[in-house]
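Engineer: Quick one: the structure is below, and I'll ask about it shortly.
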Amino acid sequence: MDRKKVFVSGCFDIIHSGHIAFLKEAAQFGDLYVGLGSDKTICDLKGRKTINSEDERFYMLEALSCVHKVNINKGNGILDFLEDMKALEPDIFIVNEDGHTPDKEQICKDLGIEYKVLKRIPYANLPVRSTTSLRKETPIPYRIDLAGTWIDQPYVSKFCPGWAITASIEPTIEFYERSGMATSTRKKAIELWNDSLPLENPEKLAKILFRYDNDPGTKDVSGSQDSIGITMPGINRFFYEKESYWPSKFETISDLSIIKWLEERLYMVTLWPRPADFVVLENTNISADNVRSLTSAAETAWDGLINRDIKTFVKGFSASFSSQVKMFPKMMNEKIAKVIDSHRNKALAWKLSGAGGGGYLILISEEEIPNAIKVKIRIKDYWM
C-alpha cells in the first residue's frame, strides 16, 4: 500500500527541539514533504532577516531522517506554499496551532486535502520551544487593544474624551507584520533598546518611545496607545482629554487573578496580514454619538475586568468593536465576517487586533476555541 503524502510549511529558522517534535509527529502520518519559506517571504511577513539563510535551512531540514523531501516555496506571503502544494497534491496538510488560519483550512477543503492541527507538545522532559523564545535579542512585548482605542487620535477625541484599554503581551510567538499588534512601534522599541525594555518607569519609557516613533513633522501620527501598550506591563487604561495625543491619567490592573481570568478567556485566530494598500481612513463616520458609544463601551469593559464579570466585560468589549466599525466601516469586510461567523457557536465576543483588513481575530470565550493562539500578558515589573 502506498504511503500517504504529508505536507508541512514554515520558515524553520534556528532549528530547535520544537521543530523536530513537530516534524517527527507529522511524519507519523506518511512521507513528509516540507515547504520552506524563502528569505524574502519571512522578511516581508515578520519584518526581520532570518538567522539562517534559506540554503542553510534547506540543508538542515533535508538532513533529518523524518523528512522525505524539502522544497523552497515559490510563492510569497502567508500562503507562499500554495503553488507548491497544488503541484504536490498531498493527502494531508499539517500545521501547528500558531500556524493555523481559516484560509489554510478552507484551501484544504476546496482541494480535498485532509487538514490537521497539532498542539505544541515537547518531547519527553524537554522545554516547549519556539523560534521567538530563542531570539533573546528581541523580547520586546507586543500589545493588544481591548476597548476604546482610536480615542488616542485627536480627530476622534475632539468629539468626546474617554478611556482606552490595552494589554502588554509577551512575545511567545512572532506576530505577523501589518497585523494590528503594534509591530511598527515595536520595531522602533527594538531600535531604541535592542534586547529588552530598560529598568525604568514604564510611563517614561512610553513617552520616549512615542516621541521616537513620531518624528517632528510626522503627518500620520501613530497613536500613543501603541507605545503605552508595549512598555506598560499588565492591563492598562488611560484617559484622553479632547484633542490630546497623550493621556492625562492612567489606571493599571496588576492583580494576577484578574490577569489570569482574562488570559483563560482570550483567544486569537490568525487571519492574514493587512494588505499594503489598505486605507482604513476612507468613508469614515466619526460622530459625537459614535465616539460617545466608544468611550462608554470602554468603561463597561473595564468594570467587567476588575470585577471578573464576563457578562459585563463581553458587553463592553463587543460594544467597543461595534463603535469602531461604525466609525471606520472599512475595518470589516465579507471575508472577516465569514471567519467571525464560524466562531459564533463558542465565542461570546470578538474584535480585530488592529485597524482592520486583516491581522488577528481576538475572541472572548468561556469554552476552548480549537486551534487558536493563547497569549501571555506581561507582568514583569520594570520599575526601578
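Starting from 1 in every chain, residues are counted up; chains themselves are A, B, ... following the order of the C-alpha cells, and ligands are numbered from 1 as listed.
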Can you list, as a ChimeraX atom specification, every protein, DNA or RNA residue that comes within 12 Å of Asp55 of chain A when you count only C-alpha atoms, leaving out same-chain residues fewer than 6 positions away?

Structural biologist: /A:11-13,36-39,61-62,70-72

Engineer: Need the shell around segment 170-175 of chain A: protein/DNA/RNA residues with any atom at most 6 Å away, counting only C-alpha atoms. Skip same-chain ones fewer than 6 positions apart. Format as a list in words?

Structural biologist: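 That gives Thr132, Pro141, Lys376, Ile377 and Arg378 of chain A.
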
Engineer: Excluding Cys160 of chain A and its own-chain neighbours fewer than 3 positions away, which residues fall within 12 Å of it when counting only C-alpha atoms? Please give them as a PyMOL selection string.

Structural biologist: chain A and resi 148+150-157+163+239-244+286-296

Engineer: Tell me, as a ChimeraX atom specification, which residues lie within 12 Å of Thr231 of chain A, counting only C-alpha atoms; anything in the same chain fewer than 6 positions away does not count.

Structural biologist: /A:139-143,166-170,182,185-186,188-190,193,196-210,224-225,378-383

Engineer: What's around Gly354 of chain A at 9 Å? Count only C-alpha atoms, leave out sequence neighbours fewer than 6 positions away in its own chain, and write the answer as JSON, numbers by chain.

Structural biologist: {"A": [144, 145, 178, 179, 180, 181, 182, 331, 360]}

Engineer: Show me, as a JSON list (two decimals) with N, CA and C atoms, in the first residue's frame, the residues that have an atom within 12 Å of Glu366 of chain A when counting only C-alpha atoms, minus same-chain residues fewer than 3 positions from it.

Structural biologist:
```
[["chain", "number", "residue", "atom", "x", "y", "z"],
["A", 261, "TRP", "N", -7.61, 35.50, 34.79],
["A", 261, "TRP", "CA", -9.01, 35.38, 34.39],
["A", 261, "TRP", "C", -9.17, 35.76, 32.92],
["A", 262, "LEU", "N", -8.52, 36.87, 32.50],
["A", 262, "LEU", "CA", -8.62, 37.29, 31.10],
["A", 262, "LEU", "C", -7.86, 36.33, 30.19],
["A", 263, "GLU", "N", -6.65, 35.94, 30.59],
["A", 263, "GLU", "CA", -5.87, 35.01, 29.77],
["A", 263, "GLU", "C", -6.64, 33.73, 29.46],
["A", 264, "GLU", "N", -7.37, 33.24, 30.44],
["A", 264, "GLU", "CA", -8.11, 31.98, 30.27],
["A", 264, "GLU", "C", -9.26, 32.12, 29.28],
["A", 265, "ARG", "N", -9.72, 33.34, 29.04],
["A", 265, "ARG", "CA", -10.88, 33.57, 28.18],
["A", 265, "ARG", "C", -10.54, 34.24, 26.85],
["A", 266, "LEU", "N", -9.27, 34.55, 26.65],
["A", 266, "LEU", "CA", -8.87, 35.29, 25.46],
["A", 266, "LEU", "C", -8.17, 34.35, 24.48],
["A", 267, "TYR", "N", -8.65, 34.35, 23.24],
["A", 267, "TYR", "CA", -8.10, 33.52, 22.17],
["A", 267, "TYR", "C", -7.84, 34.41, 20.96],
["A", 309, "ASP", "N", -16.36, 39.91, 35.76],
["A", 309, "ASP", "CA", -17.76, 39.70, 35.40],
["A", 309, "ASP", "C", -17.82, 39.52, 33.87],
["A", 310, "ILE", "N", -17.92, 38.29, 33.42],
["A", 310, "ILE", "CA", -17.83, 38.01, 31.99],
["A", 310, "ILE", "C", -18.96, 38.69, 31.21],
["A", 311, "LYS", "N", -20.15, 38.73, 31.77],
["A", 311, "LYS", "CA", -21.29, 39.32, 31.06],
["A", 311, "LYS", "C", -21.03, 40.81, 30.80],
["A", 314, "VAL", "N", -17.96, 41.29, 28.31],
["A", 314, "VAL", "CA", -18.35, 40.98, 26.94],
["A", 314, "VAL", "C", -19.20, 42.10, 26.35],
["A", 345, "ASN", "N", -20.60, 30.00, 17.52],
["A", 345, "ASN", "CA", -21.16, 28.95, 18.38],
["A", 345, "ASN", "C", -20.45, 28.84, 19.72],
["A", 346, "LYS", "N", -19.23, 29.38, 19.82],
["A", 346, "LYS", "CA", -18.49, 29.32, 21.08],
["A", 346, "LYS", "C", -18.09, 30.68, 21.63],
["A", 347, "ALA", "N", -17.73, 31.60, 20.75],
["A", 347, "ALA", "CA", -17.24, 32.90, 21.19],
["A", 347, "ALA", "C", -18.40, 33.78, 21.70],
["A", 348, "LEU", "N", -18.12, 34.50, 22.77],
["A", 348, "LEU", "CA", -19.10, 35.43, 23.33],
["A", 348, "LEU", "C", -18.94, 36.83, 22.74],
["A", 349, "ALA", "N", -17.72, 37.14, 22.30],
["A", 349, "ALA", "CA", -17.43, 38.46, 21.73],
["A", 349, "ALA", "C", -16.18, 38.35, 20.88],
["A", 363, "LEU", "N", -10.90, 36.70, 20.24],
["A", 363, "LEU", "CA", -12.16, 36.12, 20.68],
["A", 363, "LEU", "C", -12.20, 36.01, 22.20],
["A", 369, "ILE", "N", -11.47, 27.47, 22.33],
["A", 369, "ILE", "CA", -11.58, 27.68, 20.89],
["A", 369, "ILE", "C", -10.51, 26.80, 20.22]]
```

Engineer: May I have all residues of segment 257-378 of chain A that DSSP, computed from the backbone, assigns to strand (DSSP E), given as a list in words?

Structural biologist: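 Checking each residue of segment 257-378 of chain A, the strand (DSSP E) ones are Leu266, Tyr267, Met268, Val269, Thr270, Ala349, Trp350, Lys351, Leu352, Tyr360, Leu361, Ile362, Leu363 and Ile364 of chain A.
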
Engineer: Could you check which of A:Val279, A:Met85, A:Ala21, A:Leu45 is closest to Lys119 of chain A, using only C-alpha atoms?

Structural biologist: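 Smallest separation from Lys119 of chain A among the options: A:Ala21.
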
Engineer: One decimal, in Å: what's the spacing between atom CA of Asn333 of chain A and atom CA of Glu97 of chain A?

Structural biologist: 24.6 Å

Engineer: My list of candidates is A:Thr312, A:Ser318, A:Asn283, A:Thr183. Which is closest to Lys330 of chain A when distances are computed with only C-alpha atoms?

Structural biologist: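 Closest candidate: A:Asn283.
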